[in-house]
Structure formats: structure tokens, C-alpha cells
file run15.pdb (PDB, C-alpha atoms, pLDDT in the B column)
ATOM      1  CA  MET A  13     104.966  13.347 108.904  1.00 42.00           C
ATOM      2  CA  ARG A  14     102.080  15.265 110.473  1.00 42.00           C
ATOM      3  CA  VAL A  15     104.113  15.801 113.683  1.00 42.00           C
ATOM      4  CA  VAL A  16     107.072  17.123 111.657  1.00 42.00           C
ATOM      5  CA  GLN A  17     104.802  19.420 109.634  1.00 46.00           C
ATOM      6  CA  ILE A  18     103.193  20.795 112.809  1.00 43.00           C
ATOM      7  CA  LYS A  19     106.637  21.453 114.321  1.00 46.00           C
ATOM      8  CA  LEU A  20     107.756  23.203 111.135  1.00 44.00           C
ATOM      9  CA  LEU A  21     104.614  25.359 111.128  1.00 45.00           C
ATOM     10  CA  ILE A  22     105.155  26.298 114.777  1.00 46.00           C
ATOM     11  CA  LEU A  23     108.820  27.142 114.079  1.00 44.00           C
ATOM     12  CA  SER A  24     107.788  29.219 111.053  1.00 48.00           C
ATOM     13  CA  ALA A  25     105.230  31.117 113.134  1.00 45.00           C
ATOM     14  CA  ILE A  26     107.830  31.780 115.856  1.00 45.00           C
ATOM     15  CA  LEU A  27     110.330  33.083 113.289  1.00 46.00           C
ATOM     16  CA  SER A  28     107.636  35.270 111.716  1.00 49.00           C
ATOM     17  CA  VAL A  29     106.669  36.799 115.071  1.00 44.00           C
ATOM     18  CA  SER A  30     110.341  37.317 115.939  1.00 50.00           C
ATOM     19  CA  SER A  31     110.949  39.011 112.588  1.00 48.00           C
ATOM     20  CA  MET A  32     107.970  41.349 113.102  1.00 49.00           C
ATOM     21  CA  GLN A  33     109.181  42.230 116.591  1.00 53.00           C
ATOM     22  CA  SER A  34     112.666  42.993 115.257  1.00 54.00           C
ATOM     23  CA  ALA A  35     111.229  45.192 112.511  1.00 51.00           C
ATOM     24  CA  ARG A  36     109.106  47.105 115.017  1.00 57.00           C
ATOM     25  CA  ALA A  37     112.102  47.552 117.314  1.00 56.00           C
ATOM     26  CA  ALA A  38     114.208  48.846 114.424  1.00 54.00           C
ATOM     27  CA  GLU A  39     111.439  51.254 113.393  1.00 58.00           C
ATOM     28  CA  LYS A  40     111.206  52.521 116.970  1.00 57.00           C
ATOM     29  CA  GLU A  41     114.980  53.071 117.093  1.00 56.00           C
ATOM     30  CA  VAL A  42     114.831  55.083 113.846  1.00 46.00           C
ATOM     31  CA  LYS A  43     112.027  57.254 115.231  1.00 51.00           C
ATOM     32  CA  ASN A  44     113.928  57.795 118.467  1.00 53.00           C
ATOM     33  CA  ALA A  45     117.089  58.684 116.573  1.00 49.00           C
ATOM     34  CA  SER A  46     115.147  61.150 114.423  1.00 47.00           C
ATOM     35  CA  HIS A  47     113.600  62.688 117.530  1.00 47.00           C
ATOM     36  CA  ASP A  48     117.011  62.934 119.213  1.00 48.00           C
ATOM     37  CA  GLU A  49     118.491  64.604 116.131  1.00 46.00           C
ATOM     38  CA  HIS A  50     115.618  67.089 116.046  1.00 46.00           C
ATOM     39  CA  HIS A  51     116.197  67.731 119.755  1.00 45.00           C
ATOM     40  CA  VAL A  52     119.869  68.449 119.066  1.00 43.00           C
ATOM     41  CA  HIS A  53     118.926  70.937 116.340  1.00 46.00           C
ATOM     42  CA  ALA A  54     116.383  72.795 118.432  1.00 47.00           C
ATOM     43  CA  GLY A  55     117.418  71.865 121.956  1.00 49.00           C
ATOM     44  CA  HIS A  56     119.641  74.850 122.711  1.00 55.00           C
ATOM     45  CA  SER A  57     116.870  77.272 121.718  1.00 58.00           C
ATOM     46  CA  GLY A  58     113.309  77.343 120.493  1.00 57.00           C
ATOM     47  CA  HIS A  59     114.683  77.864 116.990  1.00 57.00           C
ATOM     48  CA  ASP A  60     114.307  74.835 114.696  1.00 62.00           C
ATOM     49  CA  HIS A  61     117.226  74.818 112.234  1.00 63.00           C
ATOM     50  CA  THR A  62     115.700  71.938 110.261  1.00 65.00           C
ATOM     51  CA  ARG A  63     112.803  74.031 108.934  1.00 68.00           C
ATOM     52  CA  PRO A  64     113.131  75.730 105.521  1.00 63.00           C
ATOM     53  CA  ASP A  65     111.892  78.998 107.061  1.00 65.00           C
ATOM     54  CA  SER A  66     114.295  78.823 110.004  1.00 66.00           C
ATOM     55  CA  HIS A  67     116.183  81.958 108.909  1.00 69.00           C
ATOM     56  CA  ALA A  68     114.749  85.439 108.437  1.00 71.00           C
ATOM     57  CA  PRO A  69     115.395  87.321 105.156  1.00 71.00           C
ATOM     58  CA  ILE A  70     119.010  88.415 104.710  1.00 65.00           C
ATOM     59  CA  GLY A  71     118.174  92.013 105.578  1.00 67.00           C
ATOM     60  CA  VAL A  72     117.063  90.971 109.070  1.00 74.00           C
ATOM     61  CA  SER A  73     119.824  90.275 111.582  1.00 75.00           C
ATOM     62  CA  GLY A  74     119.799  88.975 115.140  1.00 77.00           C
ATOM     63  CA  ASP A  75     116.778  86.737 114.564  1.00 78.00           C
ATOM     64  CA  HIS A  76     118.319  83.470 115.754  1.00 82.00           C
ATOM     65  CA  LEU A  77     121.217  81.848 117.585  1.00 87.00           C
ATOM     66  CA  MET A  78     123.720  79.473 116.033  1.00 88.00           C
ATOM     67  CA  ARG A  79     125.159  76.341 117.609  1.00 90.00           C
ATOM     68  CA  LYS A  80     128.489  76.607 119.430  1.00 93.00           C
ATOM     69  CA  GLY A  81     131.456  76.761 117.072  1.00 94.00           C
ATOM     70  CA  GLU A  82     129.423  77.532 113.950  1.00 94.00           C
ATOM     71  CA  ILE A  83     130.672  80.208 111.535  1.00 95.00           C
ATOM     72  CA  MET A  84     128.559  81.983 108.930  1.00 92.00           C
ATOM     73  CA  LEU A  85     129.828  84.356 106.223  1.00 94.00           C
ATOM     74  CA  SER A  86     127.589  86.597 104.131  1.00 90.00           C
ATOM     75  CA  TYR A  87     127.738  89.076 101.253  1.00 94.00           C
ATOM     76  CA  ARG A  88     125.038  91.631 100.547  1.00 91.00           C
ATOM     77  CA  TYR A  89     124.661  94.058  97.675  1.00 94.00           C
ATOM     78  CA  MET A  90     122.441  97.116  97.978  1.00 94.00           C
ATOM     79  CA  SER A  91     121.651  99.747  95.374  1.00 96.00           C
ATOM     80  CA  MET A  92     119.689 102.980  95.682  1.00 95.00           C
ATOM     81  CA  ALA A  93     118.808 105.524  92.983  1.00 96.00           C
ATOM     82  CA  MET A  94     117.159 108.881  93.658  1.00 93.00           C
ATOM     83  CA  ASP A  95     115.976 111.386  91.076  1.00 90.00           C
ATOM     84  CA  GLY A  96     114.335 114.802  91.358  1.00 86.00           C
ATOM     85  CA  ASN A  97     113.651 117.013  94.357  1.00 87.00           C
ATOM     86  CA  ARG A  98     110.772 117.213  96.800  1.00 86.00           C
ATOM     87  CA  ILE A  99     109.567 119.323  99.662  1.00 85.00           C
ATOM     88  CA  GLY A 100     107.597 116.881 101.758  1.00 87.00           C
ATOM     89  CA  THR A 101     105.548 114.907  99.227  1.00 89.00           C
ATOM     90  CA  ASP A 102     105.444 117.695  96.615  1.00 89.00           C
ATOM     91  CA  SER A 103     107.787 117.702  93.614  1.00 88.00           C
ATOM     92  CA  VAL A 104     109.976 120.790  93.214  1.00 84.00           C
ATOM     93  CA  SER A 105     111.203 122.067  89.870  1.00 80.00           C
ATOM     94  CA  THR A 106     114.876 122.571  89.115  1.00 76.00           C
ATOM     95  CA  PRO A 107     116.571 125.011  89.628  1.00 74.00           C
ATOM     96  CA  LEU A 108     115.761 125.397  93.294  1.00 78.00           C
ATOM     97  CA  ALA A 109     115.015 129.001  94.207  1.00 78.00           C
ATOM     98  CA  GLY A 110     117.532 130.566  96.567  1.00 82.00           C
ATOM     99  CA  TYR A 111     120.329 128.063  95.859  1.00 84.00           C
ATOM    100  CA  MET A 112     123.380 128.356  93.606  1.00 88.00           C
ATOM    101  CA  VAL A 113     123.400 124.619  92.833  1.00 88.00           C
ATOM    102  CA  SER A 114     120.554 122.107  92.562  1.00 89.00           C
ATOM    103  CA  PRO A 115     120.974 118.325  92.924  1.00 90.00           C
ATOM    104  CA  LEU A 116     119.577 116.293  90.018  1.00 92.00           C
ATOM    105  CA  SER A 117     120.098 112.664  91.008  1.00 94.00           C
ATOM    106  CA  MET A 118     122.030 110.481  93.414  1.00 96.00           C
ATOM    107  CA  ASP A 119     123.111 106.847  93.120  1.00 97.00           C
ATOM    108  CA  MET A 120     124.544 104.688  95.888  1.00 97.00           C
ATOM    109  CA  GLU A 121     125.921 101.156  95.839  1.00 97.00           C
ATOM    110  CA  MET A 122     126.950  99.217  98.930  1.00 97.00           C
ATOM    111  CA  HIS A 123     128.810  95.929  99.264  1.00 97.00           C
ATOM    112  CA  MET A 124     128.418  94.456 102.740  1.00 95.00           C
ATOM    113  CA  LEU A 125     130.650  91.669 104.065  1.00 96.00           C
ATOM    114  CA  GLY A 126     129.399  89.973 107.213  1.00 94.00           C
ATOM    115  CA  GLY A 127     130.561  87.282 109.588  1.00 94.00           C
ATOM    116  CA  MET A 128     128.906  85.455 112.491  1.00 94.00           C
ATOM    117  CA  TYR A 129     130.465  83.191 115.118  1.00 96.00           C
ATOM    118  CA  ALA A 130     128.774  81.278 117.939  1.00 95.00           C
ATOM    119  CA  VAL A 131     130.835  81.485 121.127  1.00 96.00           C
ATOM    120  CA  SER A 132     128.297  79.226 122.815  1.00 95.00           C
ATOM    121  CA  ASP A 133     124.790  77.941 122.204  1.00 92.00           C
ATOM    122  CA  LYS A 134     123.481  81.105 123.863  1.00 93.00           C
ATOM    123  CA  LEU A 135     125.841  83.761 122.456  1.00 95.00           C
ATOM    124  CA  THR A 136     126.411  84.647 118.799  1.00 95.00           C
ATOM    125  CA  LEU A 137     128.745  87.461 117.680  1.00 96.00           C
ATOM    126  CA  MET A 138     128.449  89.356 114.400  1.00 96.00           C
ATOM    127  CA  ALA A 139     130.513  91.901 112.431  1.00 97.00           C
ATOM    128  CA  MET A 140     129.654  93.798 109.236  1.00 96.00           C
ATOM    129  CA  LEU A 141     131.996  95.786 106.984  1.00 97.00           C
ATOM    130  CA  PRO A 142     130.448  98.002 104.256  1.00 97.00           C
ATOM    131  CA  TYR A 143     132.092  99.421 101.137  1.00 98.00           C
ATOM    132  CA  THR A 144     130.095 102.298  99.661  1.00 97.00           C
ATOM    133  CA  SER A 145     130.196 104.155  96.330  1.00 97.00           C
ATOM    134  CA  ILE A 146     128.177 107.370  95.957  1.00 97.00           C
ATOM    135  CA  SER A 147     127.704 109.708  92.995  1.00 97.00           C
ATOM    136  CA  MET A 148     125.552 112.834  92.712  1.00 96.00           C
ATOM    137  CA  ASP A 149     124.705 114.929  89.647  1.00 95.00           C
ATOM    138  CA  HIS A 150     124.245 118.691  90.072  1.00 92.00           C
ATOM    139  CA  ARG A 151     123.254 121.719  88.011  1.00 91.00           C
ATOM    140  CA  VAL A 152     124.504 125.269  88.460  1.00 90.00           C
ATOM    141  CA  ASN A 153     121.346 127.374  88.583  1.00 88.00           C
ATOM    142  CA  MET A 154     122.693 130.508  86.850  1.00 87.00           C
ATOM    143  CA  SER A 155     124.682 128.952  83.994  1.00 87.00           C
ATOM    144  CA  GLY A 156     122.911 125.615  83.642  1.00 88.00           C
ATOM    145  CA  ALA A 157     126.256 123.780  83.705  1.00 89.00           C
ATOM    146  CA  GLU A 158     126.167 120.288  85.172  1.00 91.00           C
ATOM    147  CA  PHE A 159     128.812 118.403  87.144  1.00 92.00           C
ATOM    148  CA  THR A 160     129.144 115.182  89.150  1.00 94.00           C
ATOM    149  CA  THR A 161     130.713 114.545  92.546  1.00 95.00           C
ATOM    150  CA  GLU A 162     131.786 111.106  93.718  1.00 96.00           C
ATOM    151  CA  SER A 163     132.994 109.405  96.883  1.00 96.00           C
ATOM    152  CA  GLY A 164     133.800 105.827  97.796  1.00 97.00           C
ATOM    153  CA  GLY A 165     135.415 103.705 100.462  1.00 97.00           C
ATOM    154  CA  ILE A 166     134.863 101.775 103.685  1.00 97.00           C
ATOM    155  CA  GLY A 167     131.918 102.851 105.822  1.00 97.00           C
ATOM    156  CA  ASP A 168     131.215 102.402 109.530  1.00 97.00           C
ATOM    157  CA  ILE A 169     131.917  98.919 110.908  1.00 97.00           C
ATOM    158  CA  ARG A 170     129.057  97.370 112.871  1.00 96.00           C
ATOM    159  CA  LEU A 171     129.638  94.930 115.750  1.00 97.00           C
ATOM    160  CA  ALA A 172     126.717  93.086 117.301  1.00 96.00           C
ATOM    161  CA  SER A 173     125.869  90.224 119.620  1.00 96.00           C
ATOM    162  CA  THR A 174     122.771  88.103 120.187  1.00 95.00           C
ATOM    163  CA  TYR A 175     122.158  86.411 123.542  1.00 96.00           C
ATOM    164  CA  GLY A 176     119.449  83.880 124.325  1.00 92.00           C
ATOM    165  CA  LEU A 177     117.457  84.787 127.436  1.00 93.00           C
ATOM    166  CA  TYR A 178     114.712  82.153 127.232  1.00 88.00           C
ATOM    167  CA  ALA A 179     113.830  79.300 124.907  1.00 81.00           C
ATOM    168  CA  GLU A 180     111.209  76.625 124.463  1.00 83.00           C
ATOM    169  CA  PRO A 181     110.047  74.807 121.308  1.00 79.00           C
ATOM    170  CA  GLY A 182     108.736  77.422 118.898  1.00 75.00           C
ATOM    171  CA  THR A 183     109.661  80.380 121.117  1.00 80.00           C
ATOM    172  CA  ASP A 184     112.868  82.390 121.571  1.00 81.00           C
ATOM    173  CA  LEU A 185     113.515  85.481 123.685  1.00 89.00           C
ATOM    174  CA  LEU A 186     116.699  87.125 122.410  1.00 91.00           C
ATOM    175  CA  PHE A 187     118.670  90.188 123.492  1.00 94.00           C
ATOM    176  CA  ASN A 188     120.503  92.080 120.733  1.00 94.00           C
ATOM    177  CA  PHE A 189     123.250  94.638 121.325  1.00 95.00           C
ATOM    178  CA  ALA A 190     125.101  96.513 118.568  1.00 95.00           C
ATOM    179  CA  ILE A 191     127.547  99.383 118.183  1.00 96.00           C
ATOM    180  CA  ASN A 192     128.852 101.263 115.151  1.00 96.00           C
ATOM    181  CA  ILE A 193     132.568 102.052 114.933  1.00 96.00           C
ATOM    182  CA  PRO A 194     133.058 105.339 113.010  1.00 96.00           C
ATOM    183  CA  THR A 195     135.590 104.020 110.507  1.00 96.00           C
ATOM    184  CA  GLY A 196     133.873 105.697 107.546  1.00 96.00           C
ATOM    185  CA  SER A 197     135.329 108.962 106.287  1.00 96.00           C
ATOM    186  CA  ILE A 198     133.532 112.253 106.984  1.00 95.00           C
ATOM    187  CA  ASP A 199     136.146 114.325 105.153  1.00 95.00           C
ATOM    188  CA  GLU A 200     135.416 113.362 101.545  1.00 96.00           C
ATOM    189  CA  GLU A 201     136.218 116.080  98.977  1.00 94.00           C
ATOM    190  CA  ASP A 202     135.744 116.479  95.225  1.00 94.00           C
ATOM    191  CA  ASN A 203     135.777 119.076  92.461  1.00 88.00           C
ATOM    192  CA  THR A 204     132.586 121.061  91.936  1.00 84.00           C
ATOM    193  CA  THR A 205     132.510 124.163  89.751  1.00 78.00           C
ATOM    194  CA  GLY A 206     136.039 125.300  90.560  1.00 75.00           C
ATOM    195  CA  SER A 207     139.506 123.892  90.117  1.00 72.00           C
ATOM    196  CA  SER A 208     140.012 123.071  93.790  1.00 83.00           C
ATOM    197  CA  GLU A 209     138.324 120.345  95.803  1.00 90.00           C
ATOM    198  CA  VAL A 210     135.701 121.222  98.401  1.00 91.00           C
ATOM    199  CA  HIS A 211     134.241 119.333 101.339  1.00 94.00           C
ATOM    200  CA  LEU A 212     131.251 117.295 100.158  1.00 94.00           C
ATOM    201  CA  PRO A 213     127.846 117.502 101.890  1.00 92.00           C
ATOM    202  CA  TYR A 214     126.765 114.953 104.501  1.00 93.00           C
ATOM    203  CA  PRO A 215     124.870 112.616 102.091  1.00 92.00           C
ATOM    204  CA  MET A 216     128.122 112.138 100.154  1.00 95.00           C
ATOM    205  CA  GLN A 217     130.145 111.147 103.210  1.00 96.00           C
ATOM    206  CA  LEU A 218     130.940 107.483 103.893  1.00 96.00           C
ATOM    207  CA  GLY A 219     130.522 107.485 107.660  1.00 95.00           C
ATOM    208  CA  SER A 220     128.270 108.953 110.298  1.00 93.00           C
ATOM    209  CA  GLY A 221     131.049 110.516 112.346  1.00 90.00           C
ATOM    210  CA  THR A 222     129.668 109.055 115.567  1.00 85.00           C
TER     211      THR A 222
END

call {"tool": "encode", "arguments": {"input": "run15.pdb", "output": "C-alpha cells"}}
result
Amino acid sequence: MRVVQIKLLILSAILSVSSMQSARAAEKEVKNASHDEHHVHAGHSGHDHTRPDSHAPIGVSGDHLMRKGEIMLSYRYMSMAMDGNRIGTDSVSTPLAGYMVSPLSMDMEMHMLGGMYAVSDKLTLMAMLPYTSISMDHRVNMSGAEFTTESGGIGDIRLASTYGLYAEPGTDLLFNFAINIPTGSIDEEDNTTGSSEVHLPYPMQLGSGT
């Protein structure tokens, strides 16, 4: 009986050691797999996509590369409201001396559709299409009559690319190149104080013309 008990104890100890070794091996495999996955995420650049702060705010573009084949779509809404007139930092009363018409306020809304596509791990392409609505309130200096001019439509399309020049963990050196295609109108017209439409000033135009 003692011999049998000793053999059972030895067998139990062997099984226990074997079980511990298997558990350690499994734990090591999990760690290696996690490390490999992290390497896949950050291997093509110094950018770590697994971090919650891996992307810059939506207003900042060209801050990182995407992995080959990835597609990203975005929508941005921007609003701007201006009121009153200034010369430098000094407020100017209305009506403006020497002018027939004085601007009172101007509101602008922009809807921006964007798309990004990674041609490779080192090259990401981007395109942005804006739709802009602008309105401006005016006052005729002599009569005090007020009127509003409006314009709206597609603005200038922006095409850009980001190329990775150098990368190591935590560091990226990127080259950004962008061009604007003058698709926005520079011939917007509207009624002012007369019955016929006139060419609106530059701030009311949808494109840059260049």
C-alpha cells in the first residue's frame, strides 16, 4: 500500500508540473500573439492604431497613414457668424463713411464630405468636397433700407496625399501634398437695391478662382 501511495504521489506531482508548464506555455503564446498583433497595427509606421489618441482631431488632416486597402469616410459641419464692422481691432459704427452700403452681418455654413483610401502602407490619398451656404445682411447708408444677399453651392475640391518617409515606434515622418481644384463658382449674383442681379463681392463667392 505504501509503495502504491508513493507511486500515486509521484504521478500526481508529475501531472501537476506538466499542467503548470502547459499553462505557462499557453500564457507565453498569448503574450506573443498580442505582441504580434500590436506589431501588425504599428509595424508599417510609428503610428499605433490601438491607442485611443491615435487620431488627431477631425479638423487636422494628414496626421497619420492608414493600412493598405483601408477606406475612411467623413462628414464635417462648420458654421461661422460675423457681426459688426472693424478697422483693425477697433469697432466702427454703421453706416460706414464714404460707402453707399454697409455690411451688418454675415453667416456661413459648410458641409464637408471627405474620403481617404490607402493605396499602400506608405501612401494614403484623400479628397474633400465642400458645400457652402453664405448670407450677408446690408444697410443702404442714405435711406436706411436693409437687404440680404445669398449664395450657395459646391466649393473648391481638395485633393491630398500623405506619404511615409520614415517610421519607428512612436515616431512618424510624413510628407503631405495637396492641391485645390477651382470647382467653386466665382460668378455668384443676387439682387441688391435694384431689380437686376449684380456680381457679389469676393466673400460671397463659393470658390477661390485659383

call {"tool": "closest_residue", "arguments": {"input": "run15.pdb", "among": "A:Ala139, A:Val113, A:Leu171, A:Met148", "to": "Met92 in chain A", "atoms": "all atoms listed in the file"}}
result
A:Met148

call {"tool": "resolve_selection", "arguments": {"input": "run15.pdb", "expression": "the PyMOL selection byres ((chain A and resi 161) around 12)", "output": "MDAnalysis selection string"}}
result
chainID A and resid 115:119 145:151 158:160 162:164 200:205 209:213 215:217

call {"tool": "atom_distance", "arguments": {"input": "run15.pdb", "atom1": "CA of Leu125 in chain A", "atom2": "CA of Lys80 in chain A"}}
result
21.6 Å

call {"tool": "closest_residue", "arguments": {"input": "run15.pdb", "among": "A:Ser114, A:Thr222, A:Ser207, A:Thr195", "to": "Ser155 in chain A", "atoms": "only C-alpha atoms"}}
result
A:Ser114

call {"tool": "atom_distance", "arguments": {"input": "run15.pdb", "atom1": "CA of Thr144 in chain A", "atom2": "CA of Arg170 in chain A"}}
result
14.1 Å

call {"tool": "residues_around", "arguments": {"input": "run15.pdb", "residues": "Gly219 in chain A", "least_positions_apart": "5", "cutoff": "10 Å", "atoms": "all atoms listed in the file", "output": "ChimeraX atom specification"}}
result
/A:144,165-169,192-200,214

call {"tool": "atom_distance", "arguments": {"input": "run15.pdb", "atom1": "CA of Gly156 in chain A", "atom2": "CA of Asn97 in chain A"}}
result
16.6 Å

call {"tool": "resolve_selection", "arguments": {"input": "run15.pdb", "expression": "the PyMOL selection byres ((chain A and resi 82-88) around 10)", "output": "PyMOL selection string"}}
result
chain A and resi 70-71+77-81+89-90+122-133+136-142

call {"tool": "decode", "arguments": {"input": "run15.pdb", "residues": "range 76-168 of chain A", "atoms": "C-alpha atoms", "output": "CSV table (one decimal), in the first residue's frame"}}
result
chain,number,residue,atom,x,y,z
A,76,HIS,CA,-1.3,59.5,-40.0
A,77,LEU,CA,-1.2,56.7,-42.5
A,78,MET,CA,-3.8,54.0,-42.9
A,79,ARG,CA,-3.1,50.4,-43.7
A,80,LYS,CA,-3.3,49.2,-47.3
A,81,GLY,CA,-6.8,48.8,-48.6
A,82,GLU,CA,-8.5,50.8,-45.8
A,83,ILE,CA,-11.2,53.3,-46.6
A,84,MET,CA,-12.4,56.1,-44.4
A,85,LEU,CA,-15.4,58.4,-45.0
A,86,SER,CA,-16.0,61.6,-43.0
A,87,TYR,CA,-18.6,64.4,-42.7
A,88,ARG,CA,-17.8,67.7,-41.2
A,89,TYR,CA,-20.1,70.6,-40.4
A,90,MET,CA,-18.8,74.1,-39.9
A,91,SER,CA,-20.6,77.3,-39.0
A,92,MET,CA,-19.4,80.9,-38.8
A,93,ALA,CA,-21.3,84.0,-37.8
A,94,MET,CA,-19.9,87.6,-38.0
A,95,ASP,CA,-21.5,90.8,-36.8
A,96,GLY,CA,-20.4,94.4,-36.9
A,97,ASN,CA,-17.5,96.1,-38.6
A,98,ARG,CA,-14.0,96.8,-37.5
A,99,ILE,CA,-10.9,98.6,-38.7
A,100,GLY,CA,-8.1,96.6,-37.2
A,101,THR,CA,-9.2,95.9,-33.6
A,102,ASP,CA,-11.4,99.0,-33.3
A,103,SER,CA,-15.2,98.8,-33.8
A,104,VAL,CA,-16.7,101.0,-36.5
A,105,SER,CA,-20.2,102.4,-36.4
A,106,THR,CA,-22.7,101.9,-39.1
A,107,PRO,CA,-23.1,103.5,-41.6
A,108,LEU,CA,-19.6,103.4,-42.9
A,109,ALA,CA,-18.4,106.8,-44.0
A,110,GLY,CA,-17.7,107.0,-47.7
A,111,TYR,CA,-19.7,103.9,-48.7
A,112,MET,CA,-23.2,103.7,-50.2
A,113,VAL,CA,-23.8,100.3,-48.5
A,114,SER,CA,-22.6,99.0,-45.1
A,115,PRO,CA,-22.5,95.2,-44.2
A,116,LEU,CA,-24.3,94.3,-41.0
A,117,SER,CA,-23.7,90.6,-40.5
A,118,MET,CA,-22.6,87.5,-42.4
A,119,ASP,CA,-23.3,83.9,-41.8
A,120,MET,CA,-21.7,80.9,-43.4
A,121,GLU,CA,-22.4,77.2,-43.2
A,122,MET,CA,-20.3,74.5,-44.7
A,123,HIS,CA,-20.9,70.8,-45.2
A,124,MET,CA,-17.7,68.9,-45.9
A,125,LEU,CA,-17.7,65.3,-47.3
A,126,GLY,CA,-14.3,63.6,-47.2
A,127,GLY,CA,-12.8,60.3,-48.2
A,128,MET,CA,-9.5,58.6,-47.6
A,129,TYR,CA,-8.0,55.5,-49.3
A,130,ALA,CA,-4.7,53.7,-48.5
A,131,VAL,CA,-3.0,52.7,-51.8
A,132,SER,CA,-0.3,51.1,-49.7
A,133,ASP,CA,1.0,51.1,-46.1
A,134,LYS,CA,3.1,54.2,-47.1
A,135,LEU,CA,0.7,56.1,-49.3
A,136,THR,CA,-2.8,57.4,-48.3
A,137,LEU,CA,-5.0,59.5,-50.7
A,138,MET,CA,-7.6,62.0,-49.6
A,139,ALA,CA,-10.4,64.0,-51.3
A,140,MET,CA,-12.7,66.7,-49.8
A,141,LEU,CA,-15.9,68.2,-51.3
A,142,PRO,CA,-17.4,71.2,-49.6
A,143,TYR,CA,-21.0,72.6,-50.0
A,144,THR,CA,-21.2,76.2,-48.7
A,145,SER,CA,-24.2,78.5,-47.9
A,146,ILE,CA,-23.5,82.2,-47.3
A,147,SER,CA,-25.8,85.1,-46.4
A,148,MET,CA,-25.0,88.7,-45.7
A,149,ASP,CA,-27.2,91.5,-44.4
A,150,HIS,CA,-26.6,95.1,-45.6
A,151,ARG,CA,-27.9,98.6,-45.0
A,152,VAL,CA,-28.2,101.4,-47.5
A,153,ASN,CA,-26.5,104.3,-45.8
A,154,MET,CA,-28.7,107.1,-47.2
A,155,SER,CA,-32.1,105.6,-46.9
A,156,GLY,CA,-31.5,103.1,-44.1
A,157,ALA,CA,-33.1,100.3,-46.1
A,158,GLU,CA,-31.8,96.8,-45.4
A,159,PHE,CA,-31.5,93.9,-47.8
A,160,THR,CA,-29.9,90.4,-47.8
A,161,THR,CA,-27.7,88.7,-50.4
A,162,GLU,CA,-27.3,84.9,-50.5
A,163,SER,CA,-25.1,82.4,-52.4
A,164,GLY,CA,-24.7,78.6,-52.1
A,165,GLY,CA,-23.3,75.6,-53.9
A,166,ILE,CA,-20.2,73.4,-54.3
A,167,GLY,CA,-16.9,75.0,-53.3
A,168,ASP,CA,-13.3,74.1,-54.3
